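Raw start00.txt, compact mmCIF, C-alpha atoms:
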```txt
# COMPACT_ATOMS: atom_id res chain seq x y z
CA ASP Q 375 -10.02 2.78 -30.11
CA ALA Q 376 -10.73 6.10 -28.46
CA GLY Q 377 -9.43 6.49 -24.94
CA VAL Q 378 -11.01 8.45 -22.14
CA THR Q 379 -11.89 11.96 -23.25
CA GLN Q 380 -12.47 15.02 -21.09
CA SER Q 381 -13.68 18.52 -21.78
CA PRO Q 382 -12.79 21.30 -21.55
CA THR Q 383 -8.99 21.04 -21.58
CA HIS Q 384 -8.47 24.24 -19.65
CA LEU Q 385 -10.81 26.47 -17.69
CA ILE Q 386 -10.39 29.72 -15.80
CA LYS Q 387 -13.06 30.65 -13.26
CA THR Q 388 -13.52 33.27 -10.56
CA ARG Q 389 -14.02 32.51 -6.86
CA GLY Q 390 -17.66 31.76 -6.08
CA GLN Q 391 -18.51 30.58 -9.58
CA HIS Q 392 -19.71 27.15 -10.62
CA VAL Q 393 -17.98 24.73 -12.99
CA THR Q 394 -19.01 21.59 -14.89
CA LEU Q 395 -16.43 19.14 -16.18
CA ARG Q 396 -17.26 16.33 -18.59
CA CYS Q 397 -15.87 12.86 -19.21
CA SER Q 398 -16.53 10.12 -21.76
CA PRO Q 399 -15.22 6.68 -20.80
CA ILE Q 400 -13.64 4.09 -23.03
CA SER Q 401 -16.29 2.27 -25.04
CA GLY Q 402 -17.61 -0.67 -23.04
CA HIS Q 403 -16.47 0.72 -19.69
CA LYS Q 404 -19.30 1.26 -17.24
CA SER Q 405 -17.37 2.74 -14.31
CA VAL Q 406 -16.09 6.31 -14.08
CA SER Q 407 -14.02 7.77 -11.27
CA TRP Q 408 -13.02 11.38 -10.68
CA TYR Q 409 -9.75 12.49 -9.12
CA GLN Q 410 -8.23 15.86 -8.20
CA GLN Q 411 -4.49 16.28 -8.75
CA VAL Q 412 -2.79 19.25 -7.18
CA LEU Q 413 0.63 20.15 -8.56
CA GLY Q 414 3.32 17.92 -7.10
CA GLN Q 415 0.90 15.41 -5.56
CA GLY Q 416 -0.72 12.15 -6.51
CA PRO Q 417 -4.36 12.10 -7.65
CA GLN Q 418 -6.96 12.22 -4.84
CA PHE Q 419 -10.22 10.31 -5.17
CA ILE Q 420 -13.43 12.35 -5.42
CA PHE Q 421 -16.17 10.03 -6.74
CA GLN Q 422 -16.78 6.68 -8.38
CA TYR Q 423 -19.85 5.84 -10.46
CA TYR Q 424 -20.83 2.43 -11.77
CA GLU Q 425 -23.93 1.76 -13.83
CA LYS Q 426 -25.12 5.32 -13.14
CA GLU Q 427 -25.02 4.92 -9.37
CA GLU Q 428 -22.57 6.55 -6.96
CA ARG Q 429 -20.46 3.75 -5.53
CA GLY Q 430 -17.87 5.72 -3.59
CA ARG Q 431 -17.05 9.20 -2.41
CA GLY Q 432 -13.78 10.66 -1.19
CA ASN Q 433 -13.17 13.27 1.48
CA PHE Q 434 -14.41 16.30 -0.45
CA PRO Q 435 -17.03 18.90 0.60
CA ASP Q 436 -20.62 18.88 -0.59
CA ARG Q 437 -19.72 21.60 -3.09
CA PHE Q 438 -18.51 18.71 -5.24
CA SER Q 439 -21.14 16.58 -6.97
CA ALA Q 440 -21.25 14.27 -9.95
CA ARG Q 441 -23.54 12.13 -12.02
CA GLN Q 442 -23.34 9.45 -14.68
CA PHE Q 443 -25.59 9.35 -17.72
CA PRO Q 444 -27.20 6.36 -19.51
CA ASN Q 445 -24.36 6.36 -22.05
CA TYR Q 446 -21.90 6.12 -19.10
CA SER Q 447 -20.45 9.58 -19.64
CA SER Q 448 -20.12 11.64 -16.50
CA GLU Q 449 -20.12 15.21 -15.20
CA LEU Q 450 -18.33 16.63 -12.20
CA ASN Q 451 -19.82 19.81 -10.76
CA VAL Q 452 -18.14 22.14 -8.30
CA ASN Q 453 -20.07 25.01 -6.71
CA ALA Q 454 -18.83 28.11 -4.91
CA LEU Q 455 -15.31 27.75 -6.25
CA LEU Q 456 -12.38 28.45 -3.94
CA LEU Q 457 -8.80 29.28 -4.87
CA GLY Q 458 -7.83 25.88 -3.45
CA ASP Q 459 -9.96 24.12 -6.06
CA SER Q 460 -7.35 25.01 -8.68
CA ALA Q 461 -6.03 21.66 -9.87
CA LEU Q 462 -5.99 19.09 -12.66
CA TYR Q 463 -9.23 17.11 -12.60
CA LEU Q 464 -8.82 13.61 -13.93
CA CYS Q 465 -11.45 11.17 -15.01
CA ALA Q 466 -10.69 7.45 -15.10
CA SER Q 467 -12.75 4.69 -16.63
CA SER Q 468 -12.66 0.99 -15.90
CA PHE Q 469 -14.31 -2.19 -17.13
CA SER Q 470 -13.59 -4.17 -13.99
CA GLN Q 471 -13.42 -2.70 -10.53
CA ASP Q 472 -9.69 -2.23 -10.45
CA GLU Q 473 -7.81 -1.28 -13.67
CA GLN Q 474 -8.42 2.41 -14.24
CA TYR Q 475 -7.43 4.34 -17.36
CA PHE Q 476 -7.13 8.09 -17.11
CA GLY Q 477 -8.23 10.84 -19.44
CA PRO Q 478 -6.05 13.87 -20.24
CA GLY Q 479 -7.65 15.93 -17.50
CA THR Q 480 -9.14 19.39 -17.21
CA ARG Q 481 -6.86 22.08 -15.84
CA LEU Q 482 -9.00 24.35 -13.63
CA THR Q 483 -7.64 27.70 -12.50
CA VAL Q 484 -9.63 29.68 -9.95
CA THR Q 485 -8.72 33.38 -9.63
CA GLY I 1012 -8.45 4.48 5.69
CA GLU I 1013 -5.66 3.44 3.38
CA ASN I 1014 -2.37 5.36 3.40
CA VAL I 1015 0.35 4.86 0.80
CA GLU I 1016 3.91 6.03 1.38
CA GLN I 1017 6.30 6.24 -1.58
CA HIS I 1018 10.09 6.59 -1.60
CA PRO I 1019 12.24 8.16 -2.82
CA SER I 1020 10.62 11.42 -3.91
CA THR I 1021 13.35 11.97 -6.52
CA LEU I 1022 15.69 9.51 -8.20
CA SER I 1023 18.49 10.24 -10.64
CA VAL I 1024 20.21 7.45 -12.56
CA GLN I 1025 22.52 7.06 -15.52
CA GLU I 1026 21.18 5.54 -18.71
CA GLY I 1027 21.45 1.76 -18.50
CA ASP I 1028 21.29 1.64 -14.70
CA SER I 1029 18.40 0.12 -12.76
CA ALA I 1030 15.87 2.15 -10.78
CA VAL I 1031 13.82 0.96 -7.81
CA ILE I 1032 10.85 2.77 -6.28
CA LYS I 1033 9.29 1.48 -3.07
CA CYS I 1034 5.84 1.86 -1.56
CA THR I 1035 4.21 0.78 1.66
CA TYR I 1036 0.50 0.61 2.39
CA SER I 1037 -1.52 0.41 5.59
CA ASP I 1038 -4.81 -1.34 4.72
CA SER I 1039 -4.39 -5.11 4.89
CA ALA I 1040 -7.58 -5.46 2.81
CA SER I 1041 -5.91 -3.81 -0.22
CA ASN I 1042 -5.38 -6.36 -2.97
CA TYR I 1043 -4.66 -4.39 -6.15
CA PHE I 1044 -1.47 -2.38 -6.67
CA PRO I 1045 -0.99 -0.45 -9.93
CA TRP I 1046 1.86 1.78 -11.05
CA TYR I 1047 1.34 4.85 -13.19
CA LYS I 1048 3.81 6.91 -15.21
CA GLN I 1049 3.01 10.58 -15.72
CA GLU I 1050 5.01 12.71 -18.11
CA LEU I 1051 4.89 16.48 -17.78
CA GLY I 1052 1.51 17.81 -18.83
CA LYS I 1053 0.14 14.36 -19.68
CA ARG I 1054 -2.28 11.88 -18.17
CA PRO I 1055 -1.18 9.16 -15.73
CA GLN I 1056 -0.53 6.02 -17.77
CA LEU I 1057 -0.99 2.56 -16.28
CA ILE I 1058 2.32 0.73 -16.85
CA ILE I 1059 2.00 -2.38 -14.72
CA ASP I 1060 -0.11 -3.74 -11.89
CA ILE I 1061 -0.10 -6.64 -9.48
CA ARG I 1062 -2.79 -8.38 -7.50
CA SER I 1063 -2.37 -9.88 -4.07
CA ASN I 1064 -2.40 -13.48 -5.28
CA VAL I 1065 1.04 -13.12 -6.92
CA GLY I 1066 4.39 -11.96 -5.60
CA GLU I 1067 6.03 -10.71 -8.78
CA LYS I 1068 5.09 -9.64 -12.29
CA LYS I 1069 7.32 -8.67 -15.21
CA ASP I 1070 6.74 -6.83 -18.46
CA GLN I 1071 9.90 -6.38 -20.51
CA ARG I 1072 12.14 -3.93 -18.57
CA ILE I 1073 9.58 -3.34 -15.82
CA ALA I 1074 8.82 -5.56 -12.86
CA VAL I 1075 6.75 -5.19 -9.71
CA THR I 1076 7.15 -7.18 -6.51
CA LEU I 1077 4.69 -7.48 -3.64
CA ASN I 1078 5.27 -8.52 -0.03
CA LYS I 1079 1.83 -8.74 1.57
CA THR I 1080 3.18 -9.65 4.97
CA ALA I 1081 5.29 -6.51 5.16
CA LYS I 1082 2.78 -4.46 3.14
CA HIS I 1083 5.49 -3.42 0.68
CA PHE I 1084 5.51 -3.29 -3.08
CA SER I 1085 8.19 -2.06 -5.43
CA LEU I 1086 8.72 -1.04 -9.04
CA HIS I 1087 11.93 -2.12 -10.74
CA ILE I 1088 13.05 -0.62 -14.06
CA THR I 1089 16.10 -2.19 -15.69
CA GLU I 1090 18.28 -0.77 -18.46
CA THR I 1091 16.81 2.69 -17.98
CA GLN I 1092 16.50 5.01 -20.97
CA PRO I 1093 16.03 8.80 -21.13
CA GLU I 1094 12.39 8.27 -22.15
CA ASP I 1095 11.80 6.60 -18.78
CA SER I 1096 12.17 10.07 -17.19
CA ALA I 1097 8.79 10.95 -15.65
CA VAL I 1098 6.89 10.97 -12.36
CA TYR I 1099 5.91 7.49 -11.19
CA PHE I 1100 2.99 6.92 -8.83
CA CYS I 1101 2.15 3.78 -6.90
CA ALA I 1102 -1.40 3.15 -5.73
CA ALA I 1103 -3.39 0.67 -3.68
CA SER I 1104 -7.00 -0.39 -3.75
CA ARG I 1105 -9.37 -3.01 -2.37
CA GLY I 1106 -10.45 -3.63 -5.93
CA GLN I 1107 -14.16 -3.52 -5.08
CA ALA I 1108 -16.96 -1.33 -6.41
CA GLY I 1109 -16.74 2.13 -4.97
CA THR I 1110 -13.23 1.79 -3.62
CA ALA I 1111 -10.72 4.34 -4.73
CA LEU I 1112 -7.16 4.11 -5.88
CA ILE I 1113 -5.10 5.65 -3.08
CA PHE I 1114 -1.93 7.13 -4.54
CA GLY I 1115 1.52 7.77 -3.17
CA LYS I 1116 3.03 11.23 -3.59
CA GLY I 1117 5.11 10.23 -6.58
CA THR I 1118 8.75 9.73 -7.52
CA THR I 1119 10.42 11.97 -10.09
CA LEU I 1120 12.80 9.75 -12.07
CA SER I 1121 15.50 11.43 -14.13
CA VAL I 1122 17.58 9.31 -16.50
CA SER I 1123 20.61 11.05 -17.90
CA SER I 1124 22.46 9.91 -21.00
```
Give the structure from the file, written as structure tokens.
Amino acid sequence: DAGVTQSPTHLIKTRGQHVTLRCSPISGHKSVSWYQQVLGQGPQFIFQYYEKEERGRGNFPDRFSARQFPNYSSELNVNALLLGDSALYLCASSFSQDEQYFGPGTRLTVT
Amino acid sequence: GENVEQHPSTLSVQEGDSAVIKCTYSDSASNYFPWYKQELGKRPQLIIDIRSNVGEKKDQRIAVTLNKTAKHFSLHITETQPEDSAVYFCAASRGQAGTALIFGKGTTLSVSS
């Protein structure tokens, strides 16, 4: 079985640019959550989507947005990139509301 | 909101010894407590979890205990091996739609042979 997949693996952007990160959940999972992991810290919650609806949002600015598609894949968008947005962005999928399985992440570097 | 504290931040043990990592949480409504292992450059991997209706759960060399009254939960690894070396994260959640996993800051476990 395929696990959670994310693309791209790595990304380098300039301050002020926009970025789109993509995630495909495990087959049969309808919930996708996004987390930001800064080096040396635990993942921080950004969004959760279930059945294509936003079900939760963490303490992140409006520059961060996301959506979930009919096939349950998801996109995370970040506008007006700041140096502080440099991090590993993790997507997690779940069948129930609790057990979450993470993808390999997208390493975003903002210069 | 929920706050999860994790100790110690680093832990060094000899191969074959036991390792214990402890976490405390603040939200009494939290009822799901997973543990993740993250090797360098890899994704966090769910290794064990516990729900609030049980006090202990074991899976081979790994066990987790939960004290809801004290809002503590702990990860116990017995007979440690070099491949157990990684960063371990505890997390807490209400386990409902839209609720996040709130993570601790992680424990770097080093097992030397």
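For the set I:Asn1078, I:Val1015, I:Gly1066, I:Ala1030, the residue with the smallest atom-to-atom gap to chain Q is I:Val1015, counting all atoms listed in the file.
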- [ ] Kindly determine which residues of chain I lie within 10 Å of chain Q, considering only C-alpha atoms, and give the answer as a PyMOL selection string.
- [x] chain I and resi 1042-1045+1047+1052-1057+1059-1060+1062+1098-1119
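The interatomic distance for the pair CA of Asn453 (chain Q) and CA of Phe434 (chain Q) works out to 12.1 Å.
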Task: Selection near Arg389 (chain Q), 9 Å with all atoms listed in the file, sequence-local residues under 3 positions removed, as JSON, numbers by chain - done: {"Q": [392, 454, 455, 456, 457, 484, 485]}
Open item on the list: Just to confirm, what's the straight-line distance from CA of Asp459 (chain Q) to CA of Ala440 (chain Q) in Å (one decimal)?
Closed with: 15.5 Å
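Nearest residue to Asn445 (chain Q), choosing from Q:Gln411, Q:Thr388, Q:Ser460, Q:Ser401 and counting all atoms listed in the file: Q:Ser401.
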- [ ] Might you pull out every residue within 9 Å of Ile1032 (chain I), with all atoms listed in the file counted and same-chain residues fewer than 6 positions away left off, and present them as a ChimeraX atom specification?
- [x] /I:1017-1020,1022,1084-1088,1099,1101,1118
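If you count only C-alpha atoms and draw a sphere of 7 Å around (-13.2, 3.3, -27.0), the protein and nucleic acid residues inside it come out as Asp375, Ala376, Gly377, Ile400 and Ser401 of chain Q.
Note that the spacing between CA of Ile1073 (chain I) and CA of Gln1025 (chain I) amounts to 16.6 Å.
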Would you mind listing what lies within 10 Å of Lys1079 (chain I) as an mmCIF file with C-alpha atoms, in the frame of the given file, with only C-alpha atoms counted and same-chain residues fewer than 5 positions away left out?
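Generated output (selection.cif):
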```
data_model
loop_
_atom_site.group_PDB
_atom_site.id
_atom_site.type_symbol
_atom_site.label_atom_id
_atom_site.label_comp_id
_atom_site.auth_asym_id
_atom_site.auth_seq_id
_atom_site.Cartn_x
_atom_site.Cartn_y
_atom_site.Cartn_z
ATOM 1 C CA THR I 1035 4.210 0.780 1.660
ATOM 2 C CA TYR I 1036 0.500 0.610 2.390
ATOM 3 C CA SER I 1039 -4.390 -5.110 4.890
ATOM 4 C CA SER I 1041 -5.910 -3.810 -0.220
ATOM 5 C CA ASN I 1042 -5.380 -6.360 -2.970
ATOM 6 C CA SER I 1063 -2.370 -9.880 -4.070
ATOM 7 C CA ASN I 1064 -2.400 -13.480 -5.280
ATOM 8 C CA VAL I 1065 1.040 -13.120 -6.920
ATOM 9 C CA GLY I 1066 4.390 -11.960 -5.600
ATOM 10 C CA PHE I 1084 5.510 -3.290 -3.080
#
```
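Between Cys1034 (chain I) and the candidates I:Glu1067, I:His1083, I:Thr1021, I:Glu1050, the tightest atom-to-atom separation, counting all atoms listed in the file, involves I:His1083.
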Task: Residue among I:Ser1029, I:Ser1123, I:Asn1014, I:Ser1037 lying closest to Glu1094 (chain I), counting only C-alpha atoms - done: I:Ser1123
